[in-house]
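Structure below is work-v6.tsv: TSV, C-alpha atoms and all ligand atoms.
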```
chain	number	residue	atom	x	y	z
A	28	MET	CA	0.00	0.00	0.00
A	29	ASP	CA	1.26	3.43	-0.88
A	30	ALA	CA	2.05	6.05	1.70
A	31	PRO	CA	-1.17	7.86	2.47
A	32	SER	CA	-1.46	11.22	0.84
A	33	ARG	CA	-1.43	14.09	3.27
A	34	SER	CA	-4.27	15.73	1.52
A	35	THR	CA	-6.67	12.83	1.65
A	36	THR	CA	-5.97	10.90	4.80
A	37	ARG	CA	-7.11	11.77	8.23
A	38	SER	CA	-4.85	10.39	10.85
A	39	PRO	CA	-5.95	10.82	14.43
A	40	SER	CA	-2.67	12.52	15.26
A	41	ARG	CA	-3.02	15.00	12.44
A	42	ARG	CA	-6.56	15.95	13.18
A	43	ALA	CA	-7.51	15.00	16.70
A	44	VAL	CA	-11.06	16.12	16.20
A	45	SER	CA	-12.36	14.99	12.87
A	46	GLN	CA	-15.85	14.48	11.74
A	47	ALA	CA	-16.81	10.97	10.91
A	48	ARG	CA	-20.14	9.94	9.60
A	49	PHE	CA	-22.07	6.79	10.18
A	50	PRO	CA	-24.12	6.26	7.10
A	51	ARG	CA	-26.84	3.82	6.32
A	52	PRO	CA	-25.80	0.97	4.03
A	53	ARG	CA	-24.81	2.27	0.67
A	54	LEU	CA	-26.66	0.84	-2.22
A	55	VAL	CA	-24.58	0.90	-5.30
A	56	SER	CA	-26.24	0.29	-8.58
A	57	HIS	CA	-25.77	1.73	-12.03
A	58	ARG	CA	-29.18	3.35	-11.97
A	59	ALA	CA	-29.55	4.85	-8.57
A	60	ALA	CA	-26.51	4.92	-6.40
A	61	SER	CA	-27.10	6.67	-3.17
A	62	TRP	CA	-27.13	6.28	0.48
A	63	ILE	CA	-30.44	4.72	1.28
A	64	ALA	CA	-32.32	7.06	3.57
A	65	PRO	CA	-29.13	9.01	4.17
A	66	PHE	CA	-28.51	10.50	7.52
A	67	TRP	CA	-25.33	11.92	8.82
A	68	LEU	CA	-24.29	11.73	12.38
A	69	ALA	CA	-21.40	13.92	13.34
A	70	VAL	CA	-19.24	12.13	15.83
A	71	PHE	CA	-15.60	12.30	16.75
A	72	TRP	CA	-13.44	9.32	16.13
A	73	ILE	CA	-10.37	8.59	18.12
A	74	THR	CA	-8.92	5.30	16.96
A	75	VAL	CA	-8.61	3.55	13.67
A	76	GLN	CA	-7.55	0.00	13.30
A	77	THR	CA	-6.77	-1.00	9.77
A	78	THR	CA	-7.59	-4.39	8.36
A	79	GLY	CA	-4.84	-6.92	8.81
A	80	VAL	CA	-4.20	-5.99	12.43
A	81	VAL	CA	-4.81	-8.94	14.72
A	82	ALA	CA	-6.80	-7.90	17.74
A	83	ALA	CA	-8.91	-9.34	20.52
A	84	ASN	CA	-12.57	-9.43	19.66
A	85	GLU	CA	-15.14	-7.06	21.02
A	86	VAL	CA	-18.53	-8.45	21.93
A	87	VAL	CA	-21.40	-6.03	21.60
A	88	GLN	CA	-25.05	-6.59	22.34
A	89	THR	CA	-27.38	-4.50	20.27
A	90	ALA	CA	-31.11	-4.39	19.69
A	91	VAL	CA	-32.37	-5.02	16.18
A	92	ASP	CA	-36.13	-4.70	15.67
A	93	GLY	CA	-36.64	-5.04	19.41
A	94	LYS	CA	-34.59	-8.24	19.65
A	95	LEU	CA	-31.30	-8.37	21.49
A	96	ILE	CA	-28.49	-9.79	19.35
A	97	THR	CA	-24.79	-10.27	19.96
A	98	VAL	CA	-22.14	-9.29	17.44
A	99	GLU	CA	-18.47	-10.11	17.82
A	100	GLY	CA	-15.56	-8.80	15.87
A	101	ARG	CA	-12.88	-6.15	15.64
A	102	ILE	CA	-13.38	-2.43	16.00
A	103	LEU	CA	-12.36	-0.50	12.88
A	104	VAL	CA	-13.36	2.94	14.09
A	105	GLU	CA	-14.31	4.15	17.52
A	106	ALA	CA	-16.00	7.48	17.95
A	107	GLN	CA	-15.44	9.77	20.88
A	108	ASP	CA	-19.11	9.52	21.77
A	109	GLY	CA	-18.86	5.70	21.91
A	110	GLY	CA	-20.10	4.96	18.38
A	111	LEU	CA	-18.41	1.98	16.75
A	112	LEU	CA	-17.65	0.57	13.34
A	113	LEU	CA	-17.35	-3.15	14.06
A	114	GLU	CA	-16.35	-5.85	11.60
A	115	GLU	CA	-17.40	-9.44	12.11
A	116	PRO	CA	-15.19	-12.38	11.04
A	117	SER	CA	-17.64	-12.84	8.16
A	118	GLY	CA	-16.73	-9.40	6.83
A	119	ARG	CA	-20.07	-7.89	7.82
A	120	GLN	CA	-19.74	-4.46	9.31
A	121	TRP	CA	-21.95	-2.70	11.82
A	122	THR	CA	-22.22	1.00	12.43
A	123	LEU	CA	-23.36	1.22	16.04
A	124	GLU	CA	-24.41	4.46	17.59
A	125	PRO	CA	-23.98	4.81	21.36
A	126	GLN	CA	-27.68	4.28	21.97
A	127	ASP	CA	-27.54	1.02	19.93
A	128	ILE	CA	-24.98	-0.52	22.28
A	129	VAL	CA	-26.60	-2.39	25.17
A	130	THR	CA	-23.44	-4.04	26.53
A	131	ARG	CA	-19.85	-4.09	25.37
A	132	THR	CA	-17.16	-6.52	26.52
A	133	ARG	CA	-13.98	-8.04	25.14
A	134	ASN	CA	-12.95	-11.69	24.91
A	135	ASP	CA	-9.65	-13.42	24.19
A	136	ASN	CA	-10.57	-14.59	20.69
A	137	GLN	CA	-8.15	-13.32	18.08
A	138	PHE	CA	-9.86	-11.84	15.06
A	139	ALA	CA	-9.68	-14.15	12.06
A	140	PRO	CA	-11.80	-14.12	8.90
A	141	ILE	CA	-14.12	-17.10	8.57
A	142	THR	CA	-13.60	-19.81	6.00
A	143	SER	CA	-15.70	-20.36	2.91
A	144	ASP	CA	-17.41	-23.35	4.58
A	145	GLU	CA	-18.22	-21.29	7.66
A	146	LEU	CA	-19.74	-18.54	5.52
A	147	ALA	CA	-21.75	-21.15	3.62
A	148	ALA	CA	-23.14	-22.45	6.93
A	149	LEU	CA	-23.99	-18.92	8.10
A	150	MET	CA	-25.80	-18.13	4.84
A	151	ARG	CA	-27.73	-21.40	4.98
A	152	GLU	CA	-28.84	-20.62	8.49
A	153	ARG	CA	-29.82	-17.04	7.66
A	154	LEU	CA	-31.57	-17.72	4.35
A	155	GLY	CA	-33.26	-21.03	5.13
A	156	ASP	CA	-33.94	-24.26	3.31
A	157	GLY	CA	-35.02	-22.72	0.02
A	158	PHE	CA	-31.41	-21.89	-0.83
A	159	GLN	CA	-28.57	-24.05	-2.02
A	160	ILE	CA	-24.91	-23.14	-1.89
A	161	HIS	CA	-22.31	-23.03	-4.63
A	162	GLN	CA	-18.71	-22.32	-3.57
A	163	THR	CA	-15.87	-21.20	-5.79
A	164	GLU	CA	-12.34	-20.21	-4.89
A	165	HIS	CA	-13.40	-16.76	-3.64
A	166	TYR	CA	-17.21	-16.75	-3.61
A	167	VAL	CA	-19.99	-18.33	-1.61
A	168	ILE	CA	-23.16	-18.17	-3.68
A	169	ALA	CA	-26.53	-18.88	-2.07
A	170	TYR	CA	-29.14	-19.45	-4.75
A	171	GLU	CA	-32.75	-20.44	-5.14
A	172	THR	CA	-32.66	-21.09	-8.85
A	173	SER	CA	-30.91	-23.59	-11.12
A	174	SER	CA	-27.43	-24.64	-10.09
A	175	ALA	CA	-26.36	-23.93	-13.67
A	176	PHE	CA	-27.10	-20.24	-13.18
A	177	ALA	CA	-25.20	-20.16	-9.87
A	178	ILE	CA	-22.23	-21.86	-11.54
A	179	TRP	CA	-22.42	-19.39	-14.41
A	180	VAL	CA	-22.34	-16.46	-11.95
A	181	GLY	CA	-19.47	-18.00	-9.99
A	182	SER	CA	-17.41	-18.43	-13.12
A	183	LEU	CA	-18.18	-14.90	-14.34
A	184	PHE	CA	-17.25	-13.34	-10.99
A	185	GLU	CA	-14.04	-15.36	-10.61
A	186	ARG	CA	-12.95	-14.23	-14.07
A	187	LEU	CA	-13.82	-10.63	-13.18
A	188	LEU	CA	-11.77	-10.86	-9.98
A	189	ARG	CA	-8.77	-12.26	-11.82
A	190	GLY	CA	-9.13	-9.67	-14.58
A	191	PHE	CA	-9.43	-6.83	-12.07
A	192	ASP	CA	-6.34	-8.01	-10.23
A	193	SER	CA	-4.21	-8.36	-13.34
A	194	TYR	CA	-5.43	-5.05	-14.82
A	195	TRP	CA	-4.30	-3.05	-11.78
A	196	GLY	CA	-1.24	-5.23	-11.22
A	197	GLN	CA	0.00	-4.18	-14.66
A	198	ARG	CA	-0.34	-0.60	-13.45
A	199	ASP	CA	1.76	-1.18	-10.33
A	200	ILE	CA	-1.18	-1.05	-7.97
A	201	GLU	CA	-0.68	-3.57	-5.25
A	202	LEU	CA	-3.79	-5.56	-4.37
A	203	ASN	CA	-4.39	-8.36	-1.91
A	204	GLU	CA	-6.35	-11.58	-1.99
A	205	PRO	CA	-9.82	-11.01	-0.50
A	206	ALA	CA	-9.54	-11.39	3.28
A	207	PHE	CA	-13.09	-12.76	3.47
A	208	PRO	CA	-14.98	-15.23	1.28
A	209	LEU	CA	-17.32	-13.11	-0.86
A	210	PRO	CA	-21.05	-13.65	-0.37
A	211	VAL	CA	-23.54	-13.53	-3.26
A	212	VAL	CA	-27.29	-14.10	-2.98
A	213	ILE	CA	-29.27	-15.04	-6.09
A	214	LEU	CA	-33.03	-14.85	-5.70
A	215	GLY	CA	-35.16	-17.08	-7.88
A	216	SER	CA	-37.26	-14.36	-9.46
A	217	ARG	CA	-37.72	-10.64	-9.78
A	218	ALA	CA	-40.57	-10.78	-7.28
A	219	ARG	CA	-38.43	-12.58	-4.71
A	220	PHE	CA	-35.65	-10.04	-5.30
A	221	GLU	CA	-38.01	-7.15	-4.65
A	222	GLN	CA	-39.20	-8.77	-1.46
A	223	TYR	CA	-35.65	-9.43	-0.24
A	224	ALA	CA	-34.31	-6.02	-1.23
A	225	GLU	CA	-37.20	-4.19	0.39
A	226	GLN	CA	-36.52	-5.94	3.66
A	227	GLU	CA	-32.79	-5.25	3.55
A	228	LEU	CA	-32.93	-1.71	2.28
A	229	GLY	CA	-36.07	-0.50	3.95
A	230	GLY	CA	-37.77	0.50	0.73
A	231	PRO	CA	-38.76	-0.87	-2.68
A	232	PRO	CA	-35.77	-1.33	-5.00
A	233	GLY	CA	-37.46	0.44	-7.93
A	234	SER	CA	-35.80	-0.42	-11.21
A	235	ILE	CA	-32.63	-1.73	-9.58
A	236	ILE	CA	-31.81	-5.29	-10.64
A	237	ALA	CA	-28.83	-5.97	-8.40
A	238	TYR	CA	-26.95	-4.24	-5.63
A	239	TYR	CA	-23.84	-4.46	-3.53
A	240	HIS	CA	-24.54	-3.99	0.17
A	241	LEU	CA	-21.56	-2.16	1.59
A	242	LEU	CA	-22.03	-3.21	5.22
A	243	HIS	CA	-23.01	-6.80	4.46
A	244	ASN	CA	-20.26	-6.99	1.81
A	245	GLU	CA	-22.76	-8.92	-0.26
A	246	VAL	CA	-23.97	-8.83	-3.87
A	247	VAL	CA	-27.69	-9.49	-4.25
A	248	MET	CA	-29.30	-10.29	-7.58
A	249	TYR	CA	-31.84	-12.60	-9.20
A	250	ASP	CA	-31.82	-15.15	-11.98
A	251	LEU	CA	-31.67	-12.94	-15.06
A	252	THR	CA	-32.77	-15.75	-17.33
A	253	GLU	CA	-36.07	-16.30	-15.54
A	254	SER	CA	-38.11	-13.50	-17.11
A	255	ASP	CA	-37.86	-14.22	-20.82
A	256	ASP	CA	-36.96	-17.85	-20.82
A	257	PRO	CA	-39.92	-19.87	-22.04
A	258	GLU	CA	-38.29	-23.24	-21.47
A	259	PRO	CA	-38.18	-24.81	-18.05
A	260	ARG	CA	-34.94	-23.92	-16.33
A	261	ARG	CA	-34.39	-27.42	-15.04
A	262	GLY	CA	-31.68	-28.92	-17.15
A	263	SER	CA	-30.39	-25.57	-18.29
A	264	ASN	CA	-26.67	-25.38	-18.80
A	265	ALA	CA	-23.98	-22.74	-19.03
A	266	ASP	CA	-24.09	-22.56	-22.82
A	267	ARG	CA	-27.82	-21.96	-22.85
A	268	ILE	CA	-27.52	-19.33	-20.12
A	269	ASN	CA	-24.80	-17.65	-22.16
A	270	ALA	CA	-27.05	-17.76	-25.20
A	271	VAL	CA	-29.93	-16.08	-23.32
A	272	LEU	CA	-27.67	-13.45	-21.76
A	273	SER	CA	-25.73	-12.75	-24.95
A	274	ARG	CA	-28.83	-11.31	-26.56
A	275	PRO	CA	-28.51	-7.56	-27.09
A	276	GLU	CA	-31.48	-6.88	-24.83
A	277	ALA	CA	-29.69	-8.62	-21.95
A	278	TYR	CA	-26.53	-6.52	-22.25
A	279	GLY	CA	-27.61	-3.99	-19.64
A	280	LEU	CA	-28.66	-6.70	-17.19
A	281	VAL	CA	-25.32	-8.45	-17.33
A	282	ALA	CA	-23.45	-5.12	-17.22
A	283	THR	CA	-25.30	-4.29	-14.02
A	284	ILE	CA	-24.38	-7.44	-12.16
A	285	VAL	CA	-20.77	-7.08	-13.31
A	286	HIS	CA	-20.90	-3.48	-12.08
A	287	GLU	CA	-22.10	-4.55	-8.63
A	288	ALA	CA	-19.57	-7.40	-8.48
A	289	THR	CA	-16.83	-4.90	-9.36
A	290	HIS	CA	-17.73	-2.78	-6.32
A	291	GLN	CA	-17.43	-5.88	-4.15
A	292	VAL	CA	-14.09	-6.88	-5.66
A	293	SER	CA	-12.66	-3.38	-5.36
A	294	TYR	CA	-13.50	-3.19	-1.65
A	295	ASN	CA	-12.13	-6.66	-0.95
A	296	VAL	CA	-8.80	-6.63	-2.77
A	297	GLY	CA	-7.67	-3.37	-1.20
A	298	LEU	CA	-8.15	-0.95	-4.06
A	299	GLN	CA	-10.78	0.71	-1.88
A	300	GLN	CA	-11.84	0.57	1.76
A	301	ARG	CA	-15.46	0.24	2.65
A	302	LEU	CA	-17.00	3.43	4.12
A	303	ALA	CA	-14.04	5.59	3.10
A	304	ASP	CA	-15.02	8.85	1.47
A	305	TYR	CA	-14.13	8.34	-2.18
A	306	PRO	CA	-15.42	10.79	-4.72
A	307	MET	CA	-18.49	9.23	-6.32
A	308	TRP	CA	-16.94	9.60	-9.79
A	309	VAL	CA	-14.17	7.24	-8.68
A	310	ASN	CA	-16.56	4.68	-7.15
A	311	GLU	CA	-18.96	4.64	-10.03
A	312	GLY	CA	-16.57	5.38	-12.85
A	313	MET	CA	-14.41	2.43	-11.89
A	314	ALA	CA	-17.37	0.06	-11.63
A	315	ALA	CA	-18.71	1.29	-14.98
A	316	PHE	CA	-15.26	0.91	-16.53
A	317	PHE	CA	-15.34	-2.81	-15.72
A	318	GLU	CA	-18.98	-3.45	-16.54
A	319	THR	CA	-18.47	-4.33	-20.20
A	320	PRO	CA	-19.31	-8.05	-20.04
A	321	ASP	CA	-17.20	-10.81	-21.45
A	322	LEU	CA	-19.43	-13.83	-21.88
A	323	ARG	CA	-17.41	-15.75	-24.43
A	324	SER	CA	-14.11	-16.25	-22.71
A	325	ARG	CA	-13.98	-19.11	-20.25
A	326	THR	CA	-10.70	-18.07	-18.67
A	327	GLY	CA	-9.81	-14.43	-19.19
A	328	TRP	CA	-11.81	-11.22	-19.37
A	329	ARG	CA	-11.46	-9.45	-22.67
A	330	GLY	CA	-13.98	-6.75	-21.83
A	331	ILE	CA	-11.91	-4.69	-19.41
A	332	GLY	CA	-11.46	-1.14	-20.56
A	333	GLN	CA	-13.52	-1.51	-23.73
A	334	LEU	CA	-15.75	1.30	-24.86
A	335	ASN	CA	-18.96	1.09	-22.90
A	336	PRO	CA	-21.83	1.06	-25.41
A	337	LEU	CA	-24.37	2.11	-22.77
A	338	ARG	CA	-22.38	5.00	-21.33
A	339	LEU	CA	-20.75	6.47	-24.45
A	340	PRO	CA	-23.91	7.76	-26.20
A	341	GLN	CA	-25.21	9.18	-22.92
A	342	LEU	CA	-21.90	10.92	-22.32
A	343	LYS	CA	-21.66	12.34	-25.84
A	344	GLN	CA	-25.17	13.71	-25.46
A	345	CYS	CA	-24.42	15.45	-22.19
A	346	LEU	CA	-21.11	16.84	-23.45
A	347	LEU	CA	-23.00	18.80	-26.10
A	348	ASP	CA	-23.86	21.51	-23.60
A	349	ARG	CA	-20.80	21.19	-21.41
A	350	GLU	CA	-20.22	24.11	-19.09
A	351	ALA	CA	-16.77	25.46	-18.32
A	352	ASP	CA	-16.75	23.97	-14.84
A	353	GLY	CA	-18.02	20.57	-16.02
A	354	LEU	CA	-14.97	18.67	-14.84
A	355	VAL	CA	-14.84	20.32	-11.43
A	356	ARG	CA	-18.51	19.53	-10.98
A	357	THR	CA	-17.87	15.86	-11.72
A	358	LEU	CA	-14.95	15.80	-9.30
A	359	VAL	CA	-16.68	17.31	-6.29
A	360	ASP	CA	-20.46	17.16	-6.67
A	361	ASP	CA	-21.60	13.75	-5.42
A	362	GLN	CA	-25.22	14.89	-5.34
A	363	ARG	CA	-25.40	14.50	-9.10
A	364	PHE	CA	-25.16	10.74	-8.56
A	365	LYS	CA	-28.17	10.78	-6.27
A	366	SER	CA	-30.69	12.90	-8.08
A	367	GLY	CA	-32.98	11.25	-10.60
A	368	GLU	CA	-32.51	14.08	-13.09
A	369	THR	CA	-28.72	13.94	-13.26
A	370	VAL	CA	-27.86	10.39	-12.25
A	371	LEU	CA	-27.42	8.91	-15.72
A	372	ASP	CA	-25.32	11.86	-16.90
A	373	ALA	CA	-23.21	11.63	-13.75
A	374	TYR	CA	-22.56	7.92	-14.27
A	375	ALA	CA	-21.70	8.47	-17.92
A	376	GLU	CA	-19.29	11.29	-17.06
A	377	ALA	CA	-17.69	9.17	-14.33
A	378	TRP	CA	-17.24	6.27	-16.75
A	379	GLY	CA	-15.83	8.61	-19.41
A	380	LEU	CA	-13.37	10.23	-17.04
A	381	VAL	CA	-12.04	6.87	-15.84
A	382	TYR	CA	-11.88	5.65	-19.45
A	383	TYR	CA	-9.95	8.74	-20.54
A	384	LEU	CA	-7.58	8.87	-17.57
A	385	SER	CA	-6.77	5.18	-17.67
A	386	ARG	CA	-5.94	5.38	-21.37
A	387	VAL	CA	-4.38	8.79	-21.80
A	388	LYS	CA	-2.99	9.46	-18.30
A	389	ARG	CA	-2.24	5.89	-17.36
A	390	ASP	CA	0.66	6.48	-14.94
A	391	GLU	CA	-0.86	9.59	-13.36
A	392	PHE	CA	-4.17	7.80	-12.82
A	393	ALA	CA	-2.45	4.83	-11.19
A	394	ALA	CA	-0.53	7.16	-8.87
A	395	TYR	CA	-3.77	8.95	-8.00
A	396	LEU	CA	-5.47	5.65	-7.16
A	397	ARG	CA	-2.50	4.59	-5.05
A	398	ASP	CA	-2.97	7.77	-3.03
A	399	LEU	CA	-6.68	7.03	-2.62
A	400	GLN	CA	-5.75	3.60	-1.25
A	401	GLY	CA	-4.69	5.48	1.87
A	402	LEU	CA	-8.22	6.68	2.66
A	403	THR	CA	-9.64	5.20	5.84
A	404	PRO	CA	-13.22	4.33	6.82
A	405	LEU	CA	-15.48	7.19	7.89
A	406	GLY	CA	-13.02	9.92	7.07
A	407	VAL	CA	-14.25	12.94	5.15
A	408	SER	CA	-12.60	14.61	2.16
A	409	ALA	CA	-13.63	18.19	1.63
A	410	ALA	CA	-14.20	19.41	-1.93
A	411	ASP	CA	-11.06	21.55	-1.92
A	412	GLU	CA	-8.95	18.60	-0.76
A	413	ARG	CA	-10.35	16.42	-3.52
A	414	LEU	CA	-9.44	19.08	-6.07
A	415	GLU	CA	-6.00	19.56	-4.57
A	416	LEU	CA	-5.21	15.85	-4.84
A	417	PHE	CA	-6.58	15.68	-8.38
A	418	ARG	CA	-4.47	18.70	-9.44
A	419	GLU	CA	-1.40	17.18	-7.79
A	420	HIS	CA	-1.63	14.29	-10.24
A	421	PHE	CA	-3.21	15.76	-13.36
A	422	GLY	CA	-2.03	19.37	-13.37
A	423	GLN	CA	-3.36	22.75	-12.29
A	424	ASP	CA	-5.26	23.68	-15.44
A	425	LEU	CA	-8.48	21.73	-15.11
A	426	GLU	CA	-10.22	23.63	-17.90
A	427	ALA	CA	-7.52	22.61	-20.39
A	428	LEU	CA	-7.74	19.03	-19.17
A	429	ASP	CA	-11.50	19.13	-19.58
A	430	ARG	CA	-11.23	20.36	-23.17
A	431	GLU	CA	-8.82	17.53	-23.94
A	432	PHE	CA	-11.17	15.04	-22.26
A	433	VAL	CA	-14.18	16.25	-24.26
A	434	ARG	CA	-12.26	16.09	-27.56
A	435	TYR	CA	-11.05	12.58	-26.72
A	436	ILE	CA	-14.53	11.30	-25.94
A	437	GLN	CA	-16.03	12.92	-29.05
A	438	ARG	CA	-13.54	11.00	-31.20
A	439	GLN	CA	-14.62	7.62	-29.77
A	440	ARG	CA	-16.91	5.50	-31.94
A	501	ZN	ZN	-22.17	1.46	-8.71
```

In structure tokens, write the structure found in this file.
Amino acid sequence: MDAPSRSTTRSPSRRAVSQARFPRPRLVSHRAASWIAPFWLAVFWITVQTTGVVAANEVVQTAVDGKLITVEGRILVEAQDGGLLLEEPSGRQWTLEPQDIVTRTRNDNQFAPITSDELAALMRERLGDGFQIHQTEHYVIAYETSSAFAIWVGSLFERLLRGFDSYWGQRDIELNEPAFPLPVVILGSRARFEQYAEQELGGPPGSIIAYYHLLHNEVVMYDLTESDDPEPRRGSNADRINAVLSRPEAYGLVATIVHEATHQVSYNVGLQQRLADYPMWVNEGMAAFFETPDLRSRTGWRGIGQLNPLRLPQLKQCLLDREADGLVRTLVDDQRFKSGETVLDAYAEAWGLVYYLSRVKRDEFAAYLRDLQGLTPLGVSAADERLELFREHFGQDLEALDREFVRYIQRQR
């Protein structure tokens, strides 16, 4: 990991009193990324333990829906008012406000991530008998559809993970193996997905077809072949699933689950830290950059970094009336990713910026991302600090850079 950048990292010693925020789970999806029911709680954090540090476990009792439950794990962030960010050995994280904490003790257990088999058992217990489990090298997939679809997803995600790792490795960005086995839930139908998502997210999922739950570290989706597949799914195989999902009308569906899986990978291989305050253009631009599916290859991933046929036309359209401060707006204004009117433009701009920087400013972009690797959970980057770091890597004249970016995108076909 690179030395943290002074301009983006809050260390307790540097800023003894720093605002941290305890957000609701972030729902990340290519259509409507936002904090679900966002609320910000200003607290003061005093300690940060980074992942990889072995520590005794904390045991916290908390009330969920009126029931007392016990969670055990390591503390990642502790707020001055007693609020906690706790990580369980499964990789689940809890943001606990002082009033959520009924009791808090410590035991002698050393923190250690659970195994794939242990996660499989936990998911079975939580989800019930309707689900079966498919395990791959890095993923534990609970599914209530055909095993062929679960196998197809496992293979797709493993290839994405390998591709992600080798893409950044070639750019001298050091990544790690996922510390935790990666959970994926596949619901059997759109209706089941809506039911599940509503319960988890506290509201109907709207047009979202998959999401990555930042605190649960879990990708949730449904069987994409169920809606327009007239044949019974029993007996379906990977080739037939590929055939269904290779249809042009399925492109966006597959891109979305790859997008969500990319968020999960990025947070688990150390490119990003969960709950750190990345600019939204980085979060979403990176996920969109990887979302071009590669259904044909069985081993590699040829889609990485290809022109994104969903984002490019949208971006070209919105560049037509580009304002002078268009780039600055993309860099600092996260609200554009949360408002229905601007969300698609914001995602397209984020994709385009990552596409441009990774191709034209390859070394500078890698150095910028290495600096962002130093961000820690629940820190806050002010707009001027974001701009300062961006200028440090890409130069002071943002208007000139923006003109070059616009010309570059307009040339893409
Ligand atoms: Zn996203």

Spatial neighbours of A:Gln162, max dist 12 Å, all atoms listed in the file, sep filter under 5 positions, as a VMD selection string: chain A and resid 142 to 148 150 167 to 170 174 177 to 182 184 to 185 208 to 212

Which residue of A:Ala237, A:Leu339, A:Val433, A:Leu405 approaches ligand ZN 501 (chain A) most closely, using all atoms listed in the file: A:Ala237

Residue among A:Leu214, A:Leu251, A:Leu380, A:Leu112 lying closest to A:Glu431, counting all atoms listed in the file: A:Leu380

Surrounding residues of A:Val359 excluding itself and chain neighbours under 3 positions, 9 Å, all atoms listed in the file, as a ChimeraX atom specification: /A:306-308,354-356,362,409-411,413-414

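Nearest to ligand ZN 501 (chain A) of all the residues A:Ala314, A:Leu280, A:Ala139, A:Ala270 is A:Ala314, based on all atoms listed in the file.
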
Between atom CA of A:Thr357 and atom CA of A:Lys343 - distance in Å to one decimal: 15.0 Å

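Shortest atom-to-atom contact with A:Glu276 among A:Arg338, A:Arg430, A:Thr252, A:Tyr374: A:Thr252, counting all atoms listed in the file.
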
Could stretch 400-412 of chain A be completed with N, CA and C atoms and returned as a PDB file, in the frame of the given file?
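File result.pdb, as written:
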```
ATOM      1  N   GLN A 400      -5.798   4.824  -2.067  1.00  0.00           N
ATOM      2  CA  GLN A 400      -5.750   3.600  -1.250  1.00  0.00           C
ATOM      3  C   GLN A 400      -5.489   3.920   0.214  1.00  0.00           C
ATOM      4  N   GLY A 401      -4.964   5.103   0.495  1.00  0.00           N
ATOM      5  CA  GLY A 401      -4.690   5.480   1.870  1.00  0.00           C
ATOM      6  C   GLY A 401      -5.888   6.008   2.628  1.00  0.00           C
ATOM      7  N   LEU A 402      -7.022   6.192   1.954  1.00  0.00           N
ATOM      8  CA  LEU A 402      -8.220   6.680   2.660  1.00  0.00           C
ATOM      9  C   LEU A 402      -8.692   5.645   3.668  1.00  0.00           C
ATOM     10  N   THR A 403      -9.193   6.117   4.787  1.00  0.00           N
ATOM     11  CA  THR A 403      -9.640   5.200   5.840  1.00  0.00           C
ATOM     12  C   THR A 403     -11.148   5.332   6.064  1.00  0.00           C
ATOM     13  N   PRO A 404     -11.770   4.301   6.638  1.00  0.00           N
ATOM     14  CA  PRO A 404     -13.220   4.330   6.820  1.00  0.00           C
ATOM     15  C   PRO A 404     -13.698   5.536   7.629  1.00  0.00           C
ATOM     16  N   LEU A 405     -14.786   6.109   7.191  1.00  0.00           N
ATOM     17  CA  LEU A 405     -15.480   7.190   7.890  1.00  0.00           C
ATOM     18  C   LEU A 405     -14.721   8.496   7.967  1.00  0.00           C
ATOM     19  N   GLY A 406     -13.652   8.614   7.193  1.00  0.00           N
ATOM     20  CA  GLY A 406     -13.020   9.920   7.070  1.00  0.00           C
ATOM     21  C   GLY A 406     -13.858  10.793   6.143  1.00  0.00           C
ATOM     22  N   VAL A 407     -13.519  12.048   6.041  1.00  0.00           N
ATOM     23  CA  VAL A 407     -14.250  12.940   5.150  1.00  0.00           C
ATOM     24  C   VAL A 407     -13.246  13.731   4.320  1.00  0.00           C
ATOM     25  N   SER A 408     -13.446  13.747   3.002  1.00  0.00           N
ATOM     26  CA  SER A 408     -12.600  14.610   2.160  1.00  0.00           C
ATOM     27  C   SER A 408     -13.427  15.808   1.738  1.00  0.00           C
ATOM     28  N   ALA A 409     -12.951  16.973   2.060  1.00  0.00           N
ATOM     29  CA  ALA A 409     -13.630  18.190   1.630  1.00  0.00           C
ATOM     30  C   ALA A 409     -13.391  18.390   0.133  1.00  0.00           C
ATOM     31  N   ALA A 410     -14.294  19.186  -0.490  1.00  0.00           N
ATOM     32  CA  ALA A 410     -14.200  19.410  -1.930  1.00  0.00           C
ATOM     33  C   ALA A 410     -12.833  19.981  -2.316  1.00  0.00           C
ATOM     34  N   ASP A 411     -12.331  20.930  -1.530  1.00  0.00           N
ATOM     35  CA  ASP A 411     -11.060  21.550  -1.920  1.00  0.00           C
ATOM     36  C   ASP A 411      -9.904  20.545  -1.804  1.00  0.00           C
ATOM     37  N   GLU A 412     -10.005  19.623  -0.874  1.00  0.00           N
ATOM     38  CA  GLU A 412      -8.950  18.600  -0.760  1.00  0.00           C
ATOM     39  C   GLU A 412      -9.001  17.628  -1.922  1.00  0.00           C
TER      40      GLU A 412
END
```
